[in-house]
Every structure is written in C-alpha cells, then in structure tokens.
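What follows is a single structure, written as structure tokens, with notes after it.
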Amino acid sequence: MPSAPTPATEVRNDRAEPRKNGRRFDPHRFGPVVGLLLLLIVGTALNPDFATWDNLMNVLTRTAFIGIISIGMCFVIISGGIDLSVGSMAALIAGGMILLMNALAGSVGSPVAVVMLGMLFALLLGGGFGLAHGYLITRGRIEPFIVTLGTLGIFRAVLTWLADGGAITLDNDLSDAYGPVYYGSLLGIPVPVWVFLAVSVAGAVLLNRTAFGRYVQAIGSNEQVARFAAVDVDRVKLLTYGLLGVCVGVATVLYVPRLGSASPTTGLLWELEAIAAVIVGGTSFKGGEGRIAGTVIGAVLLSVISNILNLTSIISVYLNAAVQGCVIIAVAFLQRRRP
Amino acid sequence: MSLHVAFDGITKEFGPVRVLHGVGFDLHPGRVHGLLGENGAGKSTLMKILAGYHAPTSGTLGIDGEPVTFRNSRDAEKRGIVLIHQELSLADDLTVAQNMFLGHEIKRGWLLDDRAMREQATAALRQVGFERDPDTKVRDLIVAEKQLVEIAKAQLRNARLLIMDEPTASLTPSECDRLFGLIDRLRRDGVTIVYISHKLDEVERITDEVIVMRDGRFVARAPTAETPRQRMAELMVGRELTDMFPDKHIPALGKPLMTVRGLTVPGWAEDVSFDLHPGEILGFAGLVGAGRTELFEGILGLRPRSGGTVEIEGRPVALRSPREAMRNGLTYLSEDRKGKGLHVNMGLRDNLTLMTLRHHAQPLLSPASEERALEHAVTSFGIRGNPQGTASSLSGGNQQKLAIAKFLEPDPRVFVLDEPTRGVDVGAKRDIYFLIARLAAEGRGVIVISSELIELIGLCHRVIVMRGRRVTATVPADRLSEEELIAHAIGTHTRH
C-alpha cells in the first residue's frame with residue numbers, strides 16, 4: 001500500500017530529496033581529497049623542491065599542532081558546539097608548563113624527568129580547561145560561543161600577565177632534553193608527525209567505532225532526540241570539550257620545544273585555523289556529521305597552501321591568509337547543501 | 001465575490017513517495033466544505049497545492065473555470081486563496097498590526113505608514129471580534145486570538161477562499177463557538193471555506209458537505225446532513241471499524257507493574273494517580289493542553305515534579321532523565337517523532353541501536369551486530385523501505401515502526417506511546433495496533449496517549465481522561481464510547 005508522509009514531512013521533503021546514499025560522488029567525502037591532490041600537482045609543477053621527502057615532512061610537522069587540535073575540535077563541532085579559546089589555551093598551557101619545568105629544574109635531578117612532569121602537567125591542564133568549558137556549557141547552560149569567547153580573553157591575558165608582557169623561556173638544559181620531542185624522528189619520520197598520526201587514528205576509531213562517537217553525532221544531529229533516547233547528553237558534551245582540551249595539551253607539548261618559549265603571540269589565531277581545517281574537511285558546521293580523515297586532510301591542505309606560497313614567488317607570502325580564506329570559502333561553496 | 005475551484009487529476013510526489021494519486025473534485029462557491037481523512041490521507045498536501053505552497057507533480061488546478069499555476073503562496077493570495085496554518089504562522093516578536101501587513105506593508109515614500117496600517121488592521125480585527133490593541137505583540141496573545149488575527153489578515157487580503165487546518169485543536173469550547181459564529185458569517189458573505197478537522201462533531205455542526213480523502217485519493221463527497229458520524233469515520237478508515245483493532249484480552253488485575261500516586265508537574269498535571277498492570281493497555285484521553293504529554297515528561301524527569309511517587313515493579317523510583325527511566329524498565333516514545341523520536345538524517349541502523357549501543361560494543365562497536373539487530377527489527381516490525389537509507393527516506397508509518405522498534409530495543413517493562421499513529425497511513429495504523437496488542441500480550445504494560453478517540457476505544461483496556469491538569473475519569477473497556485470520553489474531556493459529564 002502506498003503510504004504518505006505526514007504534513008510535517010511534506011514541508012521538509014518538498015525540495016530536498018531523500019539523501020542519496022552509497023556510491024554516488026559525495027563532495028563532502030571527496031572534495032577535500034581532490035582539492036589536496038590538485039594543490040600537490042600545482043606545487044610540484046611550480047617548484048621541484050616541493051615534492052621532496054624533506055619538504056613533505058616539514059609540512060606535516062608544521063601541520064601537527066593545528067591538526068591535533070582540529071581533531072579535538074572536530075568532536076566539539078560535530079556535537080554542535082564550538083571552542084574559540086584553543087589558541088589562547090595553548091599559549092597559557094605553554095607558559096604554565098615552562099614555568100613549572102623551570103621551577104622543578106632545581107629540585108628534580110634529571111631534566112628528562114622534569115620534561116615528563118611538564119608534559120603530564122600540560123595534558124592535565126588542557127583536560128581541566130576543557131572540562132571547565134564543558135561544565136559551564138552544560139550545567140551553566142551558557143552558549144559555547146560565549147563561554148569560549150570569554151576564556152579566549154582570559155587565557156591569553158593570564159599568560160601575558162605571567163610573562164609580564166614578554167616571553168617565558170625554557171632553561172637551556174631543559175631545552176636540550178626536550179628538543180627531540182619536536183626535532184627528533186623515528187624511522188625517518190619526525191616525532192610530531194607520528195603523534196599526529198596516532199591522534200588521528202585514535203580520533204577516527206573513537207568517532208566511528210565507539211558508543212561515545214555515535215552519541216556525539218546523535219547529539220549534534222538532534223539533541224532532543226538524543227536526550228529522549230536515553231543518551232546522557234551533558235556528560236557526552238562535557239567529554240568532547242575535555243577531549244579537545246587534552247588535544248590542545250598534546251599540541252602544546254609538541255610545540256614548546258620548537259621555540260622553547262611562550263609569549264603573548266603564541267598560538268595566535270590557532271582557533272580559526274583549527275575550525276577552518278574541520279570545515280574544509282567536510283564536517284557540517286551545524287553539527288551532526290563529520291569526518292576525522294577529512295579534518296586531517298583539511299589541516300594538511302591549509303598548510304600546503306602556505307608552503308607553496310613560501311616556495312614560489314607568484315603570489316606574495318603575505319597573502320597567505322587571503323589565499324587560505326579563498327580556499328575555505330570555495331570549499332564551503334562546493335559543499336553547500338540545498339536549502 | 002466567491003470563487004469556484006476545480007481539482008483535476010492532481011498528483012504529487014515527494015521524492016519516491018507519491019502522496020496524491022490523481023485527485024479530482026470541485027469546491028463550490030460560498031459553501032463550507034469539511035475535508036476529512038486520516039493523517040497522511042493527503043488533505044494538507046492538496047490544500048497546500050491550492051494555496052500555492054506546493055506545485056502539483058501533474059494535474060491541473062482550475063479557478064473560476066481557468067487553469068492556473070501558482071508559483072508561491074503570494075500568487076494564490078492574489079486570487080483570494082488563503083491557508084491558515086495548523087501551526088499558526090505569525091512572528092511572535094512583531095505586533096498584531098505588523099504581522100497583518102507583513103510582506104504587504106503600506107508605505108509613504110521610503111517610510112512605513114504605521115498609522116494607515118494600524119487603522120486598517122483595527123477595522124479588520126473588529127470585524128472578526130478581536131478586541132485588543134493592534135500594537136500588542138503576538139507573543140502575548142492566546143492561541144484563539146492568534147487565530148482571529150490570521151482570519152482578519154486573510155480578510156485584509158480580500159480572501160475569497162479560506163482553508164482552515166485543524167483550527168480548533170487548541171481552543172476551549174467557548175472559543176470554538178465564537179470561531180463557528182465567524183465561519184457562519186464568512187459563509188453568508190460568500191466566502192468559500194475548506195474546514196479540515198478530525199473532530200467529527202464539529203464537522204457535523206458547521207459544514208455543508210463533507211469530502212473524504214484516503215491514502216492520497218478522493219473517496220467520497222456527501223451533504224453533511226445525510227452523513228452520520230459513524231459513516232464519516234468508516235469512509236475515512238476505508239473498512240469496518242471493527243477490523244482495525246485486535247481482540248481485547250483484558251488481563252486479570254494482579255500486582256500493578258507501575259504505580260503513580262499524587263504526582264504533580266507544576267503547571268501541567270496535578271495530583272495524578274494511576275496503576276498500570278502487566279498485560280494492560282492503558283489509554284490517556286484529553287484535549288490538547290490537558291497535560292497528558294507533560295505528565296509523562298514529568299515522570300521521565302524532563303520536567304520538574306513537585307510531589308507524588310512513582311513505583312515500577314514495586315520499587316520506588318525518582319527518575320531524573322530518560323536514561324534513568326530506561327534503566328528502570330520504562331521507555332517513552334514522544335508524539336514529536338522528528339523532534340524527539342528519531343534522528344531523521346541518520347541511518348536506520350544508527351537510529352535503532354542508539355539506546356542500546358552497549359550491547360553492540362566489544363568494546364568497539366560491531367557494525368555486524370548492529371546490522372543483525374536491524375534485520376531482526378525490519379522483519380519483526382514489518383519496516384518497509386531502504387534499510388541503508390536515512391530515516392527520512394521512510395514513509396510516516398515506517399518511520400513510526402522504526403521508532404517503536406528503537407524504544408523497544410532496551411526491552412522495557414513499561415512502554416509509553418504518545419500519539420502512536422500520528423502521520424501514519426491506515427495500513428500501518430492497523431499494524432501498529434496489532435503490535436501494541438502483542439506487546440501487552442507479552443506481559444508488558446503499555447500506555448497509549450492519543451487524541452484519536454476511535455483508537456483509544458478500539459485498543460485500550462482502560463482509559464484515563466484528563467482535563468485541565470487533572471484526572472477526571474477512569475473509563476473501563478465496557479463503558480468506552482466517544483460521547484463518554486468527550487464528556488469527561490470537556491467537562492460536561494453529569495452522570496457521576
């Protein structure tokens with residue numbers, strides 16, 4: 001017997017056809033890959049140095065910070081939230097861990113142990129900040145945009161105050177012990193790239209193969225439905241922010257040995273780069289669906305752009321942000337849904 | 001000033017779903033037509049085509065003898081056709097006058113002519129008996145007043161044909177009377193009216209003739225005076241009413257499965273007490289706003305409770321969330337299927353297993369195990385549609401079966417269904433009734449909240465009636481009748 005949808009369905013279905021599934025070309029899934037491939041071809045054509053192993057590893061190493069943060073951000077955005085504070089958070093974590101390590105350097109003998117403690121502190125601090133966000137958002141019922149806009153200012157101001165407007169610098173002995181975390185490599189692949197890879201794989205498994213990941217998608221797709229389906233919405237949301245905080249901690253742990261200092265400009269605009277990577281990767285800004293692999297590709301794509309600008313002289317490197325901006329808008333245009 | 005409408009072979013498809021199958025009939029000038037049909041019969045779709053909100057897939061719409069094509073509702077408005085929506089479509093933050101002229105503002109040069117608009121609005125409002133200041137914000141009006149504003153707005157556009165979709169759904173009896181008086185006056189002024197309602201007593205009272213649709217087809221038309229209500233209902237359902245429902249096996253009343261005592265949900269339900277027994281189908285009847293849905297949202301912990309106790313299988317419980325309710329053997333399927341029941345953009349499998357993901361995690365989720373659960377649900381609940389598609393690709397009836405399957409996955413002892421057959425076609429309705437009977441036969445307690453009296457009478461072992469936040473009656477199976485339930489629901493019952 002033919003059956004008819006309710007009046008409510010009729011309105012919704014009028015224009016949007018039932019979503020195609022299966023093998024049809026899906027711009028959300030393949031758009032970023034195609035974009036990245038095109039960029040790689042362009043880069044290779046413009047400069048022979050582009051397609052070298054060293055350059056590739058260089059790009060991936062630089063991508064690692066934003067990439068790791070954007071994986072955490074991907075969870076938050078899929079659940080329907082946002083975190084604007086991650087750049088400031090990274091700066092404050094960096095400053096905090098350097099201060100702690102410098103203070104411990106006298107009392108704890110081995111520099112390696114000091115660095116380990118510093119790293120642990122960074123992860124805990126990140127997780128703590130994230131959980132604090134989650135707590136204010138779920139229990140406090142404040143919009144995530146507002147909460148993290150507030151902490152964006154707070155984190156950076158506290159760092160600036162701790163640094164007295166200047167930089168907080170890691171002691172030399174510790175820098176030597178800490179250096180390999182950024183500069184070292186394993187099997188020819190730099191440590192940050194390994195960590196990036198590990199976080200990506202863990203993120204993909206968490207999102208697609210665990211109950212938590214399914215709940216994150218369900219909440220972003222329709223929070224009410226999830227609540228009625230006995231999902232502990234507040235707890236899951238809280239955990240997404242905590243997870244993002246830990247990701248920021250991991251990124252900071254990799255970042256600190258690179259310069260050995262934290263200043264008021266550390267991590268500046270990282271939040272926008274991380275959000276851009278997630279969106280370029282095909283995750284819906286409204287939440288509900290998204291992909292870790294897409295996010296990784298989005299992050300790589302954005303740093304490949306600046307790499308190409310650095311290696312070639314066709315477009316001034318000062319226009320880097322402009323080119324990235326154009327790419328972001330272009331990708332969003334290609335991925336737009338029918339109204 | 002009246003107009004004549006002719007539908008000829010109108011079909012409408014939404015994606016793969018055909019909602020209208022060559023509908024053809026006429027609407028005569030200056031008459032009140034009752035358009036009857038169950039949810040999903042296609043009435044609303046047809047009326048949206050008439051009012052320019054949808055274009056027909058094929059067929060022609062004729063107005064006063066000429067074929068017309070409306071590109072949008074403005075085109076239809078120009079011909080004097082206005083649809084008054086079920087969910088009233090007024091902007092809450094604008095004033096009454098601003099709403100009435102929305103999109104048709106009167107201007108003087110570049111600026112809005114507020115005074116002229118206010119004057120015209122006041123005049124039109126007075127005609128429909130709206131007494132308040134046109135500068136009142138719509139937010140501050142009650143539903144009945146909003147309806148008057150809608151009608152006045154239509155008058156302002158010189159409506160010659162008014163379509164009213166369930167206009168009395170949230171009106172009190174005296175507000176209904178006022179609306180019927182207004183409809184009568186509009187008819188005398190020569191306005192053609194299409195009146196869509198499930199309340200057959202109203203249809204009997206104010207329409208000149210009834211037109212019945214079923215499953216996207218025109219079924220019959222007849223003068224109202226010659227069509228008894230029982231006949232109207234049978235035309236809508238398309239079979240003898242006795243076939244629709246499974247036989248009742250009223251269980252012996254032993255120890256109750258669920259006991260509610262003196263439960264109060266502030267603003268919605270006061271001092272509600274009832275028992276539910278294993279194997280029992282307990283109905284909840286009442287008008288919209290009587291507090292039935294809110295009572296159960298209170299029991300689930302979604303609304304604050306200020307008093308009372310709930311026991312499930314003898315254990316006192318104070319539920320704070322649907323999650324705790326599920327753990328205590330109670331699940332609730334909301335009346336709002338798309339807003340609270342299913343993730344329509346997600347797949348069938350993801351929807352089905354959302355409440356019981358732990359069973360499919362080892363510790364990583366096993367797609368194969370979820371797939372088996374889906375296959376099982378598809379067969380045992382008769383869900384028809386593409387199992388790999390999204391829930392939105394299913395028809396209303398199959399979505400509802402999926403939703404029922406989802407909320408049964410945790411194997412609840414007590415299952416609450418709120419409006420279980422809303423937006424469901426006749427065939428699926430019957431399936432759902434038999435399914436509910438099966439659940440009860442398995443020893444579960446089933447609670448059915450419904451606004452369709454026929455459904456409560458045909459299905460339930462006992463029906464509790466609520467009116468104005470309180471339980472007014474508990475009607476046993478042998479006394480169930482429409483008159484009895486309506487009398488308790490609107491408070492005109494005198495025998496007790």
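Each chain in the structure tokens gets a letter, A, B and so on, in the order shown; residues start at 1 in every chain, and ligands are counted from 1 in the order they appear.
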Taking 2 positions as the minimum chain separation for residues in the same chain, which residues sit within 8 Å of segment 290-306 of chain A when counting only C-alpha atoms? Answer as a PDB file with N, CA and C atoms, in the first residue's frame.
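Result file part-v4.pdb:
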```
ATOM      1  N   ARG A  29      32.783  13.984   1.070  1.00  0.00           N
ATOM      2  CA  ARG A  29      33.777  12.966   1.332  1.00  0.00           C
ATOM      3  C   ARG A  29      35.032  13.183   0.485  1.00  0.00           C
ATOM      4  N   PRO A  32      37.693  17.481  -0.245  1.00  0.00           N
ATOM      5  CA  PRO A  32      38.990  17.853   0.309  1.00  0.00           C
ATOM      6  C   PRO A  32      40.132  17.059  -0.325  1.00  0.00           C
ATOM      7  N   VAL A  33      39.900  15.765  -0.594  1.00  0.00           N
ATOM      8  CA  VAL A  33      40.957  14.939  -1.189  1.00  0.00           C
ATOM      9  C   VAL A  33      41.322  15.480  -2.558  1.00  0.00           C
ATOM     10  N   GLY A  35      40.851  18.470  -3.698  1.00  0.00           N
ATOM     11  CA  GLY A  35      41.491  19.766  -3.524  1.00  0.00           C
ATOM     12  C   GLY A  35      42.965  19.598  -3.186  1.00  0.00           C
ATOM     13  N   LEU A  36      43.247  18.675  -2.259  1.00  0.00           N
ATOM     14  CA  LEU A  36      44.631  18.466  -1.848  1.00  0.00           C
ATOM     15  C   LEU A  36      45.459  17.937  -3.009  1.00  0.00           C
ATOM     16  N   LEU A  39      46.322  20.699  -5.351  1.00  0.00           N
ATOM     17  CA  LEU A  39      47.372  21.549  -4.790  1.00  0.00           C
ATOM     18  C   LEU A  39      48.737  20.883  -4.916  1.00  0.00           C
ATOM     19  N   LEU A  40      48.776  19.571  -4.668  1.00  0.00           N
ATOM     20  CA  LEU A  40      50.050  18.860  -4.764  1.00  0.00           C
ATOM     21  C   LEU A  40      50.581  18.926  -6.186  1.00  0.00           C
ATOM     22  N   VAL A  59      56.206  20.050   6.033  1.00  0.00           N
ATOM     23  CA  VAL A  59      54.815  20.494   6.022  1.00  0.00           C
ATOM     24  C   VAL A  59      54.009  19.738   7.073  1.00  0.00           C
ATOM     25  N   LEU A  60      54.187  18.421   7.123  1.00  0.00           N
ATOM     26  CA  LEU A  60      53.394  17.628   8.067  1.00  0.00           C
ATOM     27  C   LEU A  60      53.741  17.981   9.504  1.00  0.00           C
ATOM     28  N   ARG A  62      54.743  20.873  10.625  1.00  0.00           N
ATOM     29  CA  ARG A  62      54.113  22.144  10.959  1.00  0.00           C
ATOM     30  C   ARG A  62      52.595  22.000  11.099  1.00  0.00           C
ATOM     31  N   THR A  63      52.050  21.032  10.360  1.00  0.00           N
ATOM     32  CA  THR A  63      50.611  20.819  10.443  1.00  0.00           C
ATOM     33  C   THR A  63      50.199  20.165  11.754  1.00  0.00           C
ATOM     34  N   ILE A  66      48.168  22.241  14.612  1.00  0.00           N
ATOM     35  CA  ILE A  66      46.783  22.572  14.249  1.00  0.00           C
ATOM     36  C   ILE A  66      46.001  21.295  13.995  1.00  0.00           C
ATOM     37  N   GLY A  67      46.671  20.318  13.357  1.00  0.00           N
ATOM     38  CA  GLY A  67      45.987  19.075  13.019  1.00  0.00           C
ATOM     39  C   GLY A  67      45.454  18.367  14.252  1.00  0.00           C
ATOM     40  N   SER A  70      42.635  20.261  15.694  1.00  0.00           N
ATOM     41  CA  SER A  70      41.415  20.209  14.891  1.00  0.00           C
ATOM     42  C   SER A  70      40.707  18.859  15.015  1.00  0.00           C
ATOM     43  N   ILE A  71      41.441  17.812  15.385  1.00  0.00           N
ATOM     44  CA  ILE A  71      40.763  16.529  15.618  1.00  0.00           C
ATOM     45  C   ILE A  71      39.855  16.632  16.848  1.00  0.00           C
ATOM     46  N   CYS A  74      36.987  18.747  15.936  1.00  0.00           N
ATOM     47  CA  CYS A  74      36.035  18.022  15.101  1.00  0.00           C
ATOM     48  C   CYS A  74      34.934  17.407  15.984  1.00  0.00           C
ATOM     49  N   ILE A  78      31.069  18.516  15.727  1.00  0.00           N
ATOM     50  CA  ILE A  78      30.048  17.511  15.377  1.00  0.00           C
ATOM     51  C   ILE A  78      28.956  17.465  16.443  1.00  0.00           C
ATOM     52  N   SER A 200      45.183  10.979  15.085  1.00  0.00           N
ATOM     53  CA  SER A 200      44.186  10.863  14.017  1.00  0.00           C
ATOM     54  C   SER A 200      43.506   9.499  14.054  1.00  0.00           C
ATOM     55  N   GLY A 203      41.337   9.194  17.038  1.00  0.00           N
ATOM     56  CA  GLY A 203      40.134  10.016  16.860  1.00  0.00           C
ATOM     57  C   GLY A 203      39.135   9.333  15.945  1.00  0.00           C
ATOM     58  N   ALA A 204      39.636   8.749  14.845  1.00  0.00           N
ATOM     59  CA  ALA A 204      38.726   8.114  13.894  1.00  0.00           C
ATOM     60  C   ALA A 204      38.034   6.912  14.533  1.00  0.00           C
ATOM     61  N   LEU A 207      35.463   8.150  17.044  1.00  0.00           N
ATOM     62  CA  LEU A 207      34.256   8.733  16.451  1.00  0.00           C
ATOM     63  C   LEU A 207      33.377   7.673  15.791  1.00  0.00           C
ATOM     64  N   GLU A 273      42.295  28.589  12.588  1.00  0.00           N
ATOM     65  CA  GLU A 273      42.881  27.593  11.680  1.00  0.00           C
ATOM     66  C   GLU A 273      42.293  26.208  11.962  1.00  0.00           C
ATOM     67  N   ALA A 274      42.113  25.908  13.234  1.00  0.00           N
ATOM     68  CA  ALA A 274      41.566  24.581  13.575  1.00  0.00           C
ATOM     69  C   ALA A 274      40.120  24.459  13.082  1.00  0.00           C
ATOM     70  N   ALA A 276      38.800  26.103  10.657  1.00  0.00           N
ATOM     71  CA  ALA A 276      38.847  26.051   9.195  1.00  0.00           C
ATOM     72  C   ALA A 276      39.186  24.646   8.713  1.00  0.00           C
ATOM     73  N   ALA A 277      40.144  24.004   9.384  1.00  0.00           N
ATOM     74  CA  ALA A 277      40.535  22.649   8.966  1.00  0.00           C
ATOM     75  C   ALA A 277      39.336  21.700   9.068  1.00  0.00           C
ATOM     76  N   VAL A 278      38.577  21.836  10.156  1.00  0.00           N
ATOM     77  CA  VAL A 278      37.425  20.946  10.352  1.00  0.00           C
ATOM     78  C   VAL A 278      36.384  21.183   9.255  1.00  0.00           C
ATOM     79  N   ILE A 279      36.127  22.450   8.970  1.00  0.00           N
ATOM     80  CA  ILE A 279      35.088  22.766   7.990  1.00  0.00           C
ATOM     81  C   ILE A 279      35.542  22.380   6.584  1.00  0.00           C
ATOM     82  N   VAL A 280      36.802  22.713   6.246  1.00  0.00           N
ATOM     83  CA  VAL A 280      37.326  22.326   4.928  1.00  0.00           C
ATOM     84  C   VAL A 280      37.271  20.808   4.785  1.00  0.00           C
ATOM     85  N   GLY A 281      37.419  20.112   5.895  1.00  0.00           N
ATOM     86  CA  GLY A 281      37.392  18.652   5.852  1.00  0.00           C
ATOM     87  C   GLY A 281      36.007  18.063   5.689  1.00  0.00           C
ATOM     88  N   GLY A 282      34.997  18.899   5.537  1.00  0.00           N
ATOM     89  CA  GLY A 282      33.677  18.378   5.205  1.00  0.00           C
ATOM     90  C   GLY A 282      32.769  18.144   6.399  1.00  0.00           C
ATOM     91  N   THR A 283      33.153  18.638   7.552  1.00  0.00           N
ATOM     92  CA  THR A 283      32.273  18.498   8.717  1.00  0.00           C
ATOM     93  C   THR A 283      31.256  19.633   8.692  1.00  0.00           C
ATOM     94  N   SER A 284      30.025  19.277   8.992  1.00  0.00           N
ATOM     95  CA  SER A 284      28.980  20.292   8.962  1.00  0.00           C
ATOM     96  C   SER A 284      29.127  21.226  10.160  1.00  0.00           C
ATOM     97  N   GLY A 287      26.824  20.762  12.931  1.00  0.00           N
ATOM     98  CA  GLY A 287      26.943  19.561  13.739  1.00  0.00           C
ATOM     99  C   GLY A 287      26.240  18.373  13.106  1.00  0.00           C
ATOM    100  N   GLY A 288      26.386  17.218  13.769  1.00  0.00           N
ATOM    101  CA  GLY A 288      25.678  16.039  13.317  1.00  0.00           C
ATOM    102  C   GLY A 288      26.521  15.087  12.517  1.00  0.00           C
ATOM    103  N   ILE A 308      53.395  26.254  -0.396  1.00  0.00           N
ATOM    104  CA  ILE A 308      53.577  26.576  -1.811  1.00  0.00           C
ATOM    105  C   ILE A 308      53.898  28.061  -1.975  1.00  0.00           C
ATOM    106  N   LEU A 309      53.196  28.895  -1.218  1.00  0.00           N
ATOM    107  CA  LEU A 309      53.470  30.329  -1.326  1.00  0.00           C
ATOM    108  C   LEU A 309      54.894  30.647  -0.890  1.00  0.00           C
ATOM    109  N   ASN A 310      55.357  29.905   0.116  1.00  0.00           N
ATOM    110  CA  ASN A 310      56.728  30.130   0.572  1.00  0.00           C
ATOM    111  C   ASN A 310      57.744  29.724  -0.479  1.00  0.00           C
ATOM    112  N   VAL A 317      53.878  35.863  -0.129  1.00  0.00           N
ATOM    113  CA  VAL A 317      53.597  35.064   1.032  1.00  0.00           C
ATOM    114  C   VAL A 317      52.763  35.851   2.042  1.00  0.00           C
ATOM    115  N   ASN A 320      49.165  34.896   2.210  1.00  0.00           N
ATOM    116  CA  ASN A 320      48.856  33.543   2.632  1.00  0.00           C
ATOM    117  C   ASN A 320      47.425  33.419   3.186  1.00  0.00           C
ATOM    118  N   VAL A 323      44.772  33.697   0.554  1.00  0.00           N
ATOM    119  CA  VAL A 323      44.584  32.509  -0.286  1.00  0.00           C
ATOM    120  C   VAL A 323      43.841  31.427   0.508  1.00  0.00           C
ATOM    121  N   GLN A 324      44.259  31.248   1.769  1.00  0.00           N
ATOM    122  CA  GLN A 324      43.560  30.256   2.600  1.00  0.00           C
ATOM    123  C   GLN A 324      42.077  30.601   2.730  1.00  0.00           C
TER     124      GLN A 324
END
```
* Find the spatial neighbours of Gly166 of chain A, counting only C-alpha atoms, within a cut-off of 9 Å - ignore same-chain residues fewer than 2 positions away - and output them as a PyMOL selection string. => chain A and resi 160-164+168+262-264
* Would you list the contacts of segment 174-177 of chain A as a ChimeraX atom specification, taking every protein, DNA or RNA residue within 8 Å and counting only C-alpha atoms, but skipping same-chain residues closer than 2 positions in sequence? => /A:101-102,105,111-112,114-115,170-172,179-180,257,260
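The nearest approach to Met73 of chain A among the residues A:Gly43, A:Gly130, A:Gly267, A:Gly150, with only C-alpha atoms taken into account, belongs to A:Gly130.
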* Residues at most 8 Å from Thr61 of chain A, counting only C-alpha atoms, excluding those fewer than 2 positions away in the same chain, as JSON, numbers by chain? -> {"A": [57, 58, 59, 63, 64, 65, 190, 192, 193]}
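Distances here use only C-alpha atoms; by that measure, the residue among A:Gln217, A:Thr148, A:Thr240, A:Gln335 closest to chain B is A:Gln217.
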* Can you tell me, as a PyMOL selection string, what residues are no more than 9 Å from Pro251 of chain B when counting only C-alpha atoms, ignoring any on the same chain fewer than 6 positions away? -> chain B and resi 277-280+441+461
Can those selected residues be exported to a file as an mmCIF file, in the first residue's frame so that it contains C-alpha atoms?
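File again-v3.cif, as written:
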```cif
data_model
loop_
_atom_site.group_PDB
_atom_site.id
_atom_site.type_symbol
_atom_site.label_atom_id
_atom_site.label_comp_id
_atom_site.auth_asym_id
_atom_site.auth_seq_id
_atom_site.Cartn_x
_atom_site.Cartn_y
_atom_site.Cartn_z
ATOM 1 C CA HIS B 277 -0.893 -3.771 35.255
ATOM 2 C CA PRO B 278 1.148 -6.307 33.328
ATOM 3 C CA GLY B 279 -0.511 -7.029 30.001
ATOM 4 C CA GLU B 280 -2.644 -3.930 30.158
ATOM 5 C CA ALA B 441 0.233 -9.999 25.453
ATOM 6 C CA HIS B 461 -8.400 -1.891 28.240
#
```
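We find atom CA of Val212 of chain B and atom CA of Ser450 of chain B to be spaced 22.1 Å apart.
Atom to atom, atom CA of Thr356 of chain B and atom CA of Leu295 of chain B stand 25.5 Å apart.
If you count only C-alpha atoms and ignore residues fewer than 6 places along the chain from Val265 of chain B, what sits within 9 Å of it is Asp271, Gly291, Glu294, Leu295, Glu297, Gly298, Ile299, Arg303, Pro304, Arg305, Ser306, Gly307 and Arg469 of chain B.
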Please provide as a PDB file with N, CA and C atoms, in the first residue's frame all residues within 10 Å of Leu408 of chain B, with the sequence filter that same-chain residues fewer than 4 positions apart are discarded (counting only C-alpha atoms).
```
ATOM      1  N   LEU B 330      11.442   1.597  31.818  1.00  0.00           N
ATOM      2  CA  LEU B 330      10.387   2.437  31.244  1.00  0.00           C
ATOM      3  C   LEU B 330      10.950   3.198  30.047  1.00  0.00           C
ATOM      4  N   THR B 331      10.302   3.077  28.881  1.00  0.00           N
ATOM      5  CA  THR B 331      10.699   3.952  27.771  1.00  0.00           C
ATOM      6  C   THR B 331       9.474   4.681  27.260  1.00  0.00           C
ATOM      7  N   TYR B 332       9.747   5.845  26.661  1.00  0.00           N
ATOM      8  CA  TYR B 332       8.688   6.753  26.234  1.00  0.00           C
ATOM      9  C   TYR B 332       8.970   7.207  24.810  1.00  0.00           C
ATOM     10  N   LEU B 333       8.022   6.943  23.908  1.00  0.00           N
ATOM     11  CA  LEU B 333       8.156   7.407  22.522  1.00  0.00           C
ATOM     12  C   LEU B 333       7.303   8.649  22.375  1.00  0.00           C
ATOM     13  N   LEU B 352      18.136   2.760  15.333  1.00  0.00           N
ATOM     14  CA  LEU B 352      17.620   1.607  16.072  1.00  0.00           C
ATOM     15  C   LEU B 352      18.444   1.312  17.316  1.00  0.00           C
ATOM     16  N   MET B 355      19.855   3.454  21.711  1.00  0.00           N
ATOM     17  CA  MET B 355      19.609   3.300  23.141  1.00  0.00           C
ATOM     18  C   MET B 355      20.358   2.116  23.747  1.00  0.00           C
ATOM     19  N   THR B 356      20.828   1.237  22.892  1.00  0.00           N
ATOM     20  CA  THR B 356      21.435   0.005  23.410  1.00  0.00           C
ATOM     21  C   THR B 356      22.819  -0.221  22.818  1.00  0.00           C
ATOM     22  N   ALA B 377      14.731  -6.295  13.485  1.00  0.00           N
ATOM     23  CA  ALA B 377      13.652  -5.309  13.655  1.00  0.00           C
ATOM     24  C   ALA B 377      12.843  -5.166  12.368  1.00  0.00           C
ATOM     25  N   LEU B 402       9.859   2.080  12.960  1.00  0.00           N
ATOM     26  CA  LEU B 402      11.268   2.125  13.350  1.00  0.00           C
ATOM     27  C   LEU B 402      11.409   2.739  14.739  1.00  0.00           C
ATOM     28  N   ALA B 403      10.655   3.809  14.980  1.00  0.00           N
ATOM     29  CA  ALA B 403      10.736   4.469  16.284  1.00  0.00           C
ATOM     30  C   ALA B 403      10.269   3.525  17.388  1.00  0.00           C
ATOM     31  N   ILE B 404       9.198   2.788  17.119  1.00  0.00           N
ATOM     32  CA  ILE B 404       8.717   1.838  18.119  1.00  0.00           C
ATOM     33  C   ILE B 404       9.781   0.768  18.374  1.00  0.00           C
ATOM     34  N   PRO B 412      11.797  -2.676  27.480  1.00  0.00           N
ATOM     35  CA  PRO B 412      11.153  -2.067  28.653  1.00  0.00           C
ATOM     36  C   PRO B 412      10.001  -2.916  29.168  1.00  0.00           C
ATOM     37  N   ARG B 413       9.740  -2.800  30.478  1.00  0.00           N
ATOM     38  CA  ARG B 413       8.555  -3.436  31.051  1.00  0.00           C
ATOM     39  C   ARG B 413       7.337  -2.547  30.835  1.00  0.00           C
ATOM     40  N   VAL B 414       7.590  -1.234  30.909  1.00  0.00           N
ATOM     41  CA  VAL B 414       6.518  -0.275  30.694  1.00  0.00           C
ATOM     42  C   VAL B 414       6.872   0.544  29.459  1.00  0.00           C
ATOM     43  N   PHE B 415       5.950   0.580  28.496  1.00  0.00           N
ATOM     44  CA  PHE B 415       6.219   1.300  27.249  1.00  0.00           C
ATOM     45  C   PHE B 415       5.127   2.344  27.076  1.00  0.00           C
ATOM     46  N   LEU B 439       2.577  -6.549  22.294  1.00  0.00           N
ATOM     47  CA  LEU B 439       3.449  -6.146  23.406  1.00  0.00           C
ATOM     48  C   LEU B 439       2.753  -6.383  24.746  1.00  0.00           C
TER      49      LEU B 439
END
```
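The interatomic distance for the pair atom CA of Gly95 of chain A and atom CA of Leu239 of chain A works out to 24.6 Å.
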* To do: From segment 52-205 of chain B, collect each residue whose DSSP state is helix (DSSP H, G or I) and return the set as an MDAnalysis selection string.
  => chainID B and resid 73:78 96:100 114:128 138:140 143:156 173:188 200:205
